Amino acid sequence: MEYKIFLRLLMTYKKSEEHCHEYSEFGIDLHEGKYPIAPYLYELMKAGFESTYTKEGIDWIDWWIFENEYGQKDWGNIPRIDEVNPLISSRDGKPIKRTDDNSATDKDGNPIAYSYESLYELLESEYKLL
């Protein structure tokens, strides 16, 4: 997938979610209720990535959007984990180690998925379908 298409998919979904939120301020819920639109927008965005990236790659995109807030989450307020802490682990059970600017690191502790470009590079190098 070309980077410009990758970015277009993410930014279009982000903008649609912003609009859905604006409607909710007027009492119109596009996420749930009788006529939900937002879940279908998510499925369209996800479908755009499924032909290029693995399920794990899609999980990274979900993390980027929902957990990392499109790279805008302030991870500085979350306790730093430098040593193995059995009480706090990732989905696969491995200890989480975060840096000051991002919660995702590779096995050597280097930041990954900290920008749109780095997320794209991670997906292209590790999670691209053959």
# chains A, B, ... in the order shown; residues from 1 in each chain; ligands from 1

$ residues_around --residues "His21 (chain A)" --least-positions-apart "4" --cutoff "12 Å" --atoms "only C-alpha atoms" --output "list of chain:residue names"
A:Lys14, A:Lys15, A:Ser16, A:Glu17, A:Glu25, A:Phe26, A:Gly27, A:Ile28, A:Asp29, A:Leu30, A:His31, A:Glu32, A:Ile37, A:Ala38

$ residues_around --residues "Tyr13 (chain A)" --least-positions-apart "6" --cutoff "8 Å" --atoms "only C-alpha atoms" --output "JSON, numbers by chain"
{"A": [41, 42, 45]}

$ atom_distance --atom1 "CA of Tyr116 (chain A)" --atom2 "CA of Ser24 (chain A)"
27.5 Å

$ atom_distance --atom1 "CA of Ser125 (chain A)" --atom2 "CA of Asp74 (chain A)"
26.5 Å

$ residues_around --residues "region 59-73 of chain A" --least-positions-apart "2" --cutoff "7 Å" --atoms "only C-alpha atoms" --output "ChimeraX atom specification"
/A:55-57,75,114-115

$ write_last_selection --atoms "N, CA and C atoms" --output "PDB file, in the first residue's frame"
ATOM      1  N   LYS A  55      -3.901  -9.640  10.426  1.00  0.00           N
ATOM      2  CA  LYS A  55      -4.758  -9.324  11.563  1.00  0.00           C
ATOM      3  C   LYS A  55      -3.972  -8.573  12.627  1.00  0.00           C
ATOM      4  N   GLU A  56      -2.724  -8.981  12.874  1.00  0.00           N
ATOM      5  CA  GLU A  56      -1.885  -8.289  13.854  1.00  0.00           C
ATOM      6  C   GLU A  56      -1.598  -6.856  13.414  1.00  0.00           C
ATOM      7  N   GLY A  57      -1.438  -6.659  12.125  1.00  0.00           N
ATOM      8  CA  GLY A  57      -1.251  -5.310  11.601  1.00  0.00           C
ATOM      9  C   GLY A  57      -2.479  -4.444  11.828  1.00  0.00           C
ATOM     10  N   TRP A  75       1.419   9.999  27.150  1.00  0.00           N
ATOM     11  CA  TRP A  75       1.879   8.836  27.901  1.00  0.00           C
ATOM     12  C   TRP A  75       2.689   9.238  29.125  1.00  0.00           C
ATOM     13  N   TYR A 114       5.151   5.645  16.663  1.00  0.00           N
ATOM     14  CA  TYR A 114       5.031   6.916  17.374  1.00  0.00           C
ATOM     15  C   TYR A 114       4.605   8.056  16.446  1.00  0.00           C
ATOM     16  N   SER A 115       4.460   7.771  15.158  1.00  0.00           N
ATOM     17  CA  SER A 115       3.988   8.749  14.184  1.00  0.00           C
ATOM     18  C   SER A 115       3.290   7.983  13.065  1.00  0.00           C
TER      19      SER A 115
END

$ atom_distance --atom1 "CA of Met11 (chain A)" --atom2 "CA of Glu124 (chain A)"
18.2 Å
